[in-house]
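Text of the file protein04.cif, holding mmCIF, C-alpha atoms; chains and numbers go by the auth columns:
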data_data
#
loop_
_atom_site.group_PDB
_atom_site.id
_atom_site.type_symbol
_atom_site.label_atom_id
_atom_site.label_comp_id
_atom_site.label_asym_id
_atom_site.label_seq_id
_atom_site.Cartn_x
_atom_site.Cartn_y
_atom_site.Cartn_z
_atom_site.B_iso_or_equiv
_atom_site.auth_seq_id
_atom_site.auth_asym_id
ATOM 1 C CA MET A 1 -20.305 -16.975 0.461 0.00 225 A
ATOM 2 C CA SER A 2 -22.613 -13.950 0.692 0.00 226 A
ATOM 3 C CA HIS A 3 -23.226 -11.633 -2.255 0.00 227 A
ATOM 4 C CA ARG A 4 -20.814 -9.161 -0.666 0.00 228 A
ATOM 5 C CA GLU A 5 -18.037 -11.752 -0.484 0.00 229 A
ATOM 6 C CA ASP A 6 -18.838 -12.958 -4.007 0.00 230 A
ATOM 7 C CA LEU A 7 -18.523 -9.392 -5.300 0.00 231 A
ATOM 8 C CA LEU A 8 -15.216 -8.812 -3.503 0.00 232 A
ATOM 9 C CA ALA A 9 -13.752 -12.051 -4.895 0.00 233 A
ATOM 10 C CA ALA A 10 -14.946 -11.150 -8.391 0.00 234 A
ATOM 11 C CA ALA A 11 -13.535 -7.632 -8.126 0.00 235 A
ATOM 12 C CA ARG A 12 -10.126 -8.914 -7.073 0.00 236 A
ATOM 13 C CA LYS A 13 -10.022 -11.394 -9.948 0.00 237 A
ATOM 14 C CA LEU A 14 -11.095 -8.808 -12.508 0.00 238 A
ATOM 15 C CA LEU A 15 -8.671 -6.176 -11.216 0.00 239 A
ATOM 16 C CA GLU A 16 -5.867 -8.645 -11.891 0.00 240 A
ATOM 17 C CA GLU A 17 -7.203 -9.705 -15.301 0.00 241 A
ATOM 18 C CA LYS A 18 -8.632 -6.524 -16.833 0.00 242 A
ATOM 19 C CA GLY A 19 -7.394 -3.540 -14.856 0.00 243 A
ATOM 20 C CA TYR A 20 -9.471 -0.924 -13.074 0.00 244 A
ATOM 21 C CA ALA A 21 -10.473 1.207 -16.052 0.00 245 A
ATOM 22 C CA ARG A 22 -11.898 -1.614 -18.175 0.00 246 A
ATOM 23 C CA ILE A 23 -14.135 -3.348 -15.627 0.00 247 A
ATOM 24 C CA THR A 24 -17.860 -2.824 -16.066 0.00 248 A
ATOM 25 C CA ALA A 25 -20.633 -3.418 -13.575 0.00 249 A
ATOM 26 C CA ARG A 26 -21.880 -6.211 -15.831 0.00 250 A
ATOM 27 C CA ASP A 27 -18.442 -7.842 -15.683 0.00 251 A
ATOM 28 C CA LEU A 28 -18.696 -7.858 -11.898 0.00 252 A
ATOM 29 C CA VAL A 29 -22.214 -9.293 -11.966 0.00 253 A
ATOM 30 C CA ALA A 30 -21.243 -12.029 -14.419 0.00 254 A
ATOM 31 C CA GLU A 31 -18.094 -12.994 -12.503 0.00 255 A
ATOM 32 C CA SER A 32 -19.780 -12.961 -9.086 0.00 256 A
ATOM 33 C CA GLY A 33 -23.096 -14.533 -10.066 0.00 257 A
ATOM 34 C CA THR A 34 -24.901 -11.699 -8.272 0.00 258 A
ATOM 35 C CA ASN A 35 -26.856 -8.715 -9.645 0.00 259 A
ATOM 36 C CA LEU A 36 -26.536 -4.973 -10.122 0.00 260 A
ATOM 37 C CA GLY A 37 -28.650 -4.321 -7.054 0.00 261 A
ATOM 38 C CA SER A 38 -26.110 -6.152 -4.899 0.00 262 A
ATOM 39 C CA ILE A 39 -23.352 -3.775 -5.976 0.00 263 A
ATOM 40 C CA ALA A 40 -25.504 -0.773 -5.083 0.00 264 A
ATOM 41 C CA TYR A 41 -26.622 -2.295 -1.789 0.00 265 A
ATOM 42 C CA HIS A 42 -23.190 -3.278 -0.502 0.00 266 A
ATOM 43 C CA PHE A 43 -20.850 -0.707 -2.083 0.00 267 A
ATOM 44 C CA GLY A 44 -22.939 2.083 -3.584 0.00 268 A
ATOM 45 C CA THR A 45 -21.220 2.036 -6.967 0.00 269 A
ATOM 46 C CA LYS A 46 -18.963 -0.119 -9.086 0.00 270 A
ATOM 47 C CA GLU A 47 -16.078 2.229 -8.213 0.00 271 A
ATOM 48 C CA GLY A 48 -16.887 1.887 -4.528 0.00 272 A
ATOM 49 C CA LEU A 49 -16.590 -1.891 -4.827 0.00 273 A
ATOM 50 C CA LEU A 50 -13.350 -1.750 -6.804 0.00 274 A
ATOM 51 C CA ASN A 51 -11.737 0.759 -4.454 0.00 275 A
ATOM 52 C CA HIS A 52 -12.804 -1.216 -1.400 0.00 276 A
ATOM 53 C CA THR A 53 -11.183 -4.287 -2.944 0.00 277 A
ATOM 54 C CA ILE A 54 -7.976 -2.417 -3.737 0.00 278 A
ATOM 55 C CA GLY A 55 -7.914 -1.138 -0.167 0.00 279 A
ATOM 56 C CA GLU A 56 -8.267 -4.666 1.206 0.00 280 A
ATOM 57 C CA VAL A 57 -5.473 -5.940 -1.032 0.00 281 A
ATOM 58 C CA PHE A 58 -3.074 -3.231 0.061 0.00 282 A
ATOM 59 C CA GLU A 59 -3.983 -3.616 3.725 0.00 283 A
ATOM 60 C CA GLU A 60 -3.128 -7.304 3.391 0.00 284 A
ATOM 61 C CA TRP A 61 0.150 -6.354 1.753 0.00 285 A
ATOM 62 C CA THR A 62 0.889 -3.866 4.548 0.00 286 A
ATOM 63 C CA ASP A 63 0.311 -6.631 7.103 0.00 287 A
ATOM 64 C CA GLN A 64 2.642 -8.979 5.220 0.00 288 A
ATOM 65 C CA LEU A 65 5.388 -6.341 5.031 0.00 289 A
ATOM 66 C CA ALA A 66 4.874 -5.555 8.711 0.00 290 A
ATOM 67 C CA GLN A 67 5.553 -9.191 9.584 0.00 291 A
ATOM 68 C CA VAL A 68 8.757 -9.050 7.551 0.00 292 A
ATOM 69 C CA ALA A 69 9.849 -5.757 9.125 0.00 293 A
ATOM 70 C CA MET A 70 9.286 -6.954 12.684 0.00 294 A
ATOM 71 C CA ALA A 71 10.575 -10.516 12.245 0.00 295 A
ATOM 72 C CA ASP A 72 13.965 -9.802 13.859 0.00 296 A
ATOM 73 C CA PRO A 73 13.385 -8.295 17.311 0.00 297 A
ATOM 74 C CA ALA A 74 16.996 -7.104 17.488 0.00 298 A
ATOM 75 C CA ALA A 75 16.976 -5.249 14.148 0.00 299 A
ATOM 76 C CA LEU A 76 17.679 -1.519 14.093 0.00 300 A
ATOM 77 C CA PRO A 77 14.929 0.710 12.660 0.00 301 A
ATOM 78 C CA ILE A 78 16.902 1.374 9.449 0.00 302 A
ATOM 79 C CA GLU A 79 17.420 -2.382 9.018 0.00 303 A
ATOM 80 C CA ARG A 80 13.679 -2.876 9.300 0.00 304 A
ATOM 81 C CA GLY A 81 13.206 -0.300 6.541 0.00 305 A
ATOM 82 C CA ARG A 82 15.771 -1.977 4.318 0.00 306 A
ATOM 83 C CA VAL A 83 14.275 -5.462 4.643 0.00 307 A
ATOM 84 C CA THR A 84 10.787 -4.058 4.043 0.00 308 A
ATOM 85 C CA TRP A 85 11.800 -2.178 0.897 0.00 309 A
ATOM 86 C CA THR A 86 13.804 -5.141 -0.389 0.00 310 A
ATOM 87 C CA THR A 87 10.902 -7.551 0.154 0.00 311 A
ATOM 88 C CA MET A 88 8.465 -5.136 -1.457 0.00 312 A
ATOM 89 C CA LEU A 89 10.642 -4.727 -4.559 0.00 313 A
ATOM 90 C CA GLU A 90 11.205 -8.474 -4.836 0.00 314 A
ATOM 91 C CA ASN A 91 7.446 -9.111 -4.806 0.00 315 A
ATOM 92 C CA LEU A 92 6.242 -6.336 -7.100 0.00 316 A
ATOM 93 C CA SER A 93 6.271 -8.513 -10.206 0.00 317 A
ATOM 94 C CA SER A 94 3.629 -10.805 -8.690 0.00 318 A
ATOM 95 C CA ARG A 95 1.466 -7.768 -7.847 0.00 319 A
ATOM 96 C CA ARG A 96 1.964 -5.745 -11.012 0.00 320 A
ATOM 97 C CA ALA A 97 -1.631 -6.050 -12.251 0.00 321 A
ATOM 98 C CA LEU A 98 -3.078 -4.899 -8.922 0.00 322 A
ATOM 99 C CA LEU A 99 -0.543 -2.083 -8.691 0.00 323 A
ATOM 100 C CA LEU A 100 -1.569 -0.854 -12.146 0.00 324 A
ATOM 101 C CA SER A 101 -5.218 -1.000 -11.106 0.00 325 A
ATOM 102 C CA TYR A 102 -4.373 1.054 -8.039 0.00 326 A
ATOM 103 C CA VAL A 103 -2.695 3.769 -10.119 0.00 327 A
ATOM 104 C CA GLU A 104 -5.674 3.829 -12.502 0.00 328 A
ATOM 105 C CA ALA A 105 -8.049 4.172 -9.553 0.00 329 A
ATOM 106 C CA LEU A 106 -6.091 7.056 -8.040 0.00 330 A
ATOM 107 C CA ALA A 107 -6.463 9.006 -11.265 0.00 331 A
ATOM 108 C CA GLN A 108 -10.246 8.477 -11.180 0.00 332 A
ATOM 109 C CA ALA A 109 -10.474 9.454 -7.515 0.00 333 A
ATOM 110 C CA GLU A 110 -9.330 12.993 -8.290 0.00 334 A
ATOM 111 C CA ARG A 111 -12.666 13.645 -10.007 0.00 335 A
ATOM 112 C CA THR A 112 -14.955 11.873 -7.545 0.00 336 A
ATOM 113 C CA VAL A 113 -15.124 13.198 -3.998 0.00 337 A
ATOM 114 C CA SER A 114 -16.438 9.967 -2.455 0.00 338 A
ATOM 115 C CA LEU A 115 -13.678 7.892 -4.030 0.00 339 A
ATOM 116 C CA ARG A 116 -11.020 10.390 -3.004 0.00 340 A
ATOM 117 C CA GLU A 117 -12.317 10.240 0.572 0.00 341 A
ATOM 118 C CA GLN A 118 -12.283 6.438 0.428 0.00 342 A
ATOM 119 C CA PHE A 119 -8.619 6.412 -0.614 0.00 343 A
ATOM 120 C CA ALA A 120 -7.738 9.086 1.961 0.00 344 A
ATOM 121 C CA GLU A 121 -9.277 6.905 4.677 0.00 345 A
ATOM 122 C CA GLN A 122 -7.283 3.906 3.450 0.00 346 A
ATOM 123 C CA TYR A 123 -4.098 5.974 3.692 0.00 347 A
ATOM 124 C CA ARG A 124 -5.044 7.098 7.215 0.00 348 A
ATOM 125 C CA ARG A 125 -5.452 3.474 8.291 0.00 349 A
ATOM 126 C CA CYS A 126 -2.153 2.508 6.663 0.00 350 A
ATOM 127 C CA ARG A 127 -0.360 5.453 8.293 0.00 351 A
ATOM 128 C CA THR A 128 -1.751 4.483 11.702 0.00 352 A
ATOM 129 C CA ARG A 129 -0.635 0.875 11.204 0.00 353 A
ATOM 130 C CA VAL A 130 2.876 1.863 10.135 0.00 354 A
ATOM 131 C CA ALA A 131 3.126 4.417 12.977 0.00 355 A
ATOM 132 C CA GLU A 132 2.399 1.568 15.418 0.00 356 A
ATOM 133 C CA LEU A 133 5.286 -0.387 13.889 0.00 357 A
ATOM 134 C CA ALA A 134 7.561 2.665 14.036 0.00 358 A
ATOM 135 C CA ALA A 135 6.762 3.135 17.726 0.00 359 A
ATOM 136 C CA ARG A 136 7.522 -0.534 18.444 0.00 360 A
ATOM 137 C CA SER A 137 10.742 -0.312 16.485 0.00 361 A
ATOM 138 C CA LEU A 138 11.920 2.876 18.228 0.00 362 A
ATOM 139 C CA GLY A 139 11.006 1.546 21.689 0.00 363 A
ATOM 140 C CA ASN A 140 11.761 3.557 24.835 0.00 364 A
ATOM 141 C CA GLY A 141 8.214 4.733 25.410 0.00 365 A
ATOM 142 C CA TRP A 142 7.447 5.976 21.898 0.00 366 A
ATOM 143 C CA GLY A 143 3.727 5.853 21.109 0.00 367 A
ATOM 144 C CA PRO A 144 2.026 5.445 17.732 0.00 368 A
ATOM 145 C CA GLU A 145 0.116 8.706 18.237 0.00 369 A
ATOM 146 C CA ASP A 146 3.380 10.671 18.514 0.00 370 A
ATOM 147 C CA ARG A 147 3.594 13.053 15.556 0.00 371 A
ATOM 148 C CA ARG A 148 7.147 11.889 14.919 0.00 372 A
ATOM 149 C CA CYS A 149 6.003 8.274 14.536 0.00 373 A
ATOM 150 C CA LEU A 150 3.283 9.425 12.152 0.00 374 A
ATOM 151 C CA ALA A 151 5.927 11.375 10.213 0.00 375 A
ATOM 152 C CA VAL A 152 8.103 8.256 10.016 0.00 376 A
ATOM 153 C CA ALA A 153 5.062 6.319 8.790 0.00 377 A
ATOM 154 C CA SER A 154 4.370 8.923 6.103 0.00 378 A
ATOM 155 C CA PHE A 155 8.010 8.739 5.007 0.00 379 A
ATOM 156 C CA VAL A 156 7.955 4.928 4.814 0.00 380 A
ATOM 157 C CA ILE A 157 4.692 4.952 2.826 0.00 381 A
ATOM 158 C CA ALA A 158 6.041 7.637 0.485 0.00 382 A
ATOM 159 C CA VAL A 159 9.165 5.556 -0.168 0.00 383 A
ATOM 160 C CA CYS A 160 7.087 2.423 -0.848 0.00 384 A
ATOM 161 C CA ASP A 161 4.677 4.268 -3.154 0.00 385 A
ATOM 162 C CA GLY A 162 7.468 6.071 -4.966 0.00 386 A
ATOM 163 C CA LEU A 163 9.481 2.902 -5.457 0.00 387 A
ATOM 164 C CA SER A 164 6.388 1.117 -6.750 0.00 388 A
ATOM 165 C CA VAL A 165 5.716 3.779 -9.373 0.00 389 A
ATOM 166 C CA GLN A 166 9.374 3.851 -10.449 0.00 390 A
ATOM 167 C CA TRP A 167 9.353 0.067 -10.698 0.00 391 A
ATOM 168 C CA LEU A 168 6.163 0.129 -12.794 0.00 392 A
ATOM 169 C CA LEU A 169 7.739 2.513 -15.284 0.00 393 A
ATOM 170 C CA HIS A 170 11.080 0.727 -15.515 0.00 394 A
ATOM 171 C CA PRO A 171 11.839 -2.188 -13.172 0.00 395 A
ATOM 172 C CA GLY A 172 15.532 -2.188 -14.037 0.00 396 A
ATOM 173 C CA ASP A 173 15.995 1.405 -12.902 0.00 397 A
ATOM 174 C CA ALA A 174 14.339 1.033 -9.487 0.00 398 A
ATOM 175 C CA PRO A 175 16.916 0.990 -6.666 0.00 399 A
ATOM 176 C CA THR A 176 17.440 -2.084 -4.533 0.00 400 A
ATOM 177 C CA GLY A 177 16.907 -2.156 -0.791 0.00 401 A
ATOM 178 C CA ASP A 178 20.675 -2.168 -0.260 0.00 402 A
ATOM 179 C CA GLU A 179 21.125 0.870 -2.511 0.00 403 A
ATOM 180 C CA LEU A 180 18.452 2.717 -0.546 0.00 404 A
ATOM 181 C CA SER A 181 20.127 1.851 2.749 0.00 405 A
ATOM 182 C CA GLU A 182 23.523 2.955 1.466 0.00 406 A
ATOM 183 C CA GLY A 183 22.072 6.222 0.170 0.00 407 A
ATOM 184 C CA LEU A 184 20.349 6.966 3.481 0.00 408 A
ATOM 185 C CA ALA A 185 23.516 6.077 5.400 0.00 409 A
ATOM 186 C CA ALA A 186 25.593 8.413 3.216 0.00 410 A
ATOM 187 C CA MET A 187 23.071 11.238 3.652 0.00 411 A
ATOM 188 C CA TRP A 188 23.012 10.695 7.429 0.00 412 A
ATOM 189 C CA ALA A 189 26.821 10.584 7.651 0.00 413 A
ATOM 190 C CA ALA A 190 27.161 13.794 5.623 0.00 414 A
ATOM 191 C CA SER A 191 24.490 15.542 7.703 0.00 415 A
ATOM 192 C CA TYR A 192 25.662 14.361 11.134 0.00 416 A
ATOM 193 C CA PRO A 193 29.371 13.587 10.899 0.00 417 A
ATOM 194 C CA VAL A 194 30.972 11.812 13.810 0.00 418 A
ATOM 195 C CA PRO A 195 33.348 14.275 15.544 0.00 419 A
ATOM 196 C CA ASP A 196 37.033 13.465 15.563 0.00 420 A
ATOM 197 C CA GLY A 197 38.506 12.077 18.760 0.00 421 A
ATOM 198 C CA PRO A 198 40.278 14.264 21.356 0.00 422 A
#

I'd like the structure from this file rewritten - as structure tokens, please.
Amino acid sequence: MSHREDLLAAARKLLEEKGYARITARDLVAESGTNLGSIAYHFGTKEGLLNHTIGEVFEEWTDQLAQVAMADPAALPIERGRVTWTTMLENLSSRRALLLSYVEALAQAERTVSLREQFAEQYRRCRTRVAELAARSLGNGWGPEDRRCLAVASFVIAVCDGLSVQWLLHPGDAPTGDELSEGLAAMWAASYPVPDGP
């Protein structure tokens, strides 16, 4: 592997073992077998490397959830949401360390413009990816650039992020995918009741 790949592998391992806030540049050098100059050359800063790694991890996770969401070609859009949320919640325990690192990194990004921009770009890419899935799911000529598809994508991402944070704080209190679906169905039914027959 190249120094860049060595650094990314080391960053992922350390994010799982130590958490974002406790990783030093020397930790990354020792784990990767590279040097401090390699971090600066490839990623600018230690934080740049760690955030790039977190972004890669969550893009991989987005791709995995996308495969789950689109697995049944006959599924309704709300069913795709339910299976995605259910799968995400079922797999959070195996990703807890990386999720904690992500939350730690977000807090740091508020004080560093370059890191905030890096995370904003990651969200833009995720929103574009999910908007493409929304357009495919809605069919009938919908395009991923449609503002409504982007709004759906933002909603889906907000639900996933919000559920993840709730789960981190207290896994037993986080709703299940079925509970979310039932809640959305009840809200929809109350907002758009079916008119009585003639």

Query raised in the report: Could you write out as an NGL selection string the residues that the PyMOL selection byres ((chain A and resi 234) around 12) matches in the shown file?
Result: :A and (225 or 227-233 or 235-242 or 247-258 or 263 or 270 or 273-274 or 277)

Quick one: contact table of segment 264-344 of chain A to segment 364-385 of chain A, 8 Å max, nearest atom pair and distance in Å to one decimal per residue, counting only C-alpha atoms, chain and number order, as CSV?
residue,atom,partner,partner_atom,distance
A:Gly305,CA,A:Val380,CA,7.6
A:Trp309,CA,A:Cys384,CA,6.8
A:Met312,CA,A:Cys384,CA,7.7

Report task. Check the smallest atom-to-atom distance from each of A:Val389, A:Asp402, A:Ser361, A:Gly243 to Met294 of chain A using all atoms listed in the file, then report the winner. Result ->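 Going through A:Val389, A:Asp402, A:Ser361, A:Gly243 one by one, the smallest distance to Met294 of chain A is for A:Ser361.
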
Requested in this report: Could you tell me which residues the PyMOL selection byres ((chain A and resi 346) around 10) grabs in this file, written as a ChimeraX atom specification?
Outcome: /A:275-276,278-280,282-283,340-345,347-352

Report summary line: From atom CA of Thr308 of chain A to atom CA of Gly396 of chain A the spacing works out at 18.8 Å

Report summary line: Counting all atoms listed in the file, closest pick from A:Leu313, A:Leu392, A:Val354, A:Val281 relative to Val327 of chain A is A:Leu392

Query raised in the report: If the PyMOL selection byres ((chain A and resi 293) around 9) is run on the structure shown, which residues does it catch, given as a PyMOL selection string?
Result: chain A and resi 288-292+294-296+299+301+303-308+357

Query raised in the report: What separation in Å, quoted to one decimal, exists between atom CA of Glu356 of chain A and atom CA of Thr311 of chain A?
Result: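 Spanning atom CA of Glu356 of chain A to atom CA of Thr311 of chain A is a straight-line distance of 19.7 Å.
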
Query raised in the report: Which of these, A:Thr310, A:Ser317, A:Thr286, A:Ser226, has the shortest distance to Ser262 of chain A once you count all atoms listed in the file?
Result: A:Ser226

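Residue nearest Gly272 of chain A within the list A:Pro419, A:His394, A:Thr336, A:Leu324: A:Thr336 [criterion: smallest interatomic distance, all atoms listed in the file].
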
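The space between atom CA of Thr269 of chain A and atom CA of Leu339 of chain A spans 10.0 Å.
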
Requested in this report: Point out the residue among A:Tyr326, A:His266, A:Glu284, A:Ile302 with the least atom-to-atom distance to Leu408 of chain A, counting all atoms listed in the file.
Outcome: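 For Leu408 of chain A, the nearest of the given residues is A:Ile302.
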
Query - Using all atoms listed in the file: which of A:Asp287, A:Glu271, A:Asp397, A:Glu403 has the shortest distance to Leu330 of chain A - result: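 Among the listed residues, the smallest separation from Leu330 of chain A belongs to A:Glu271.
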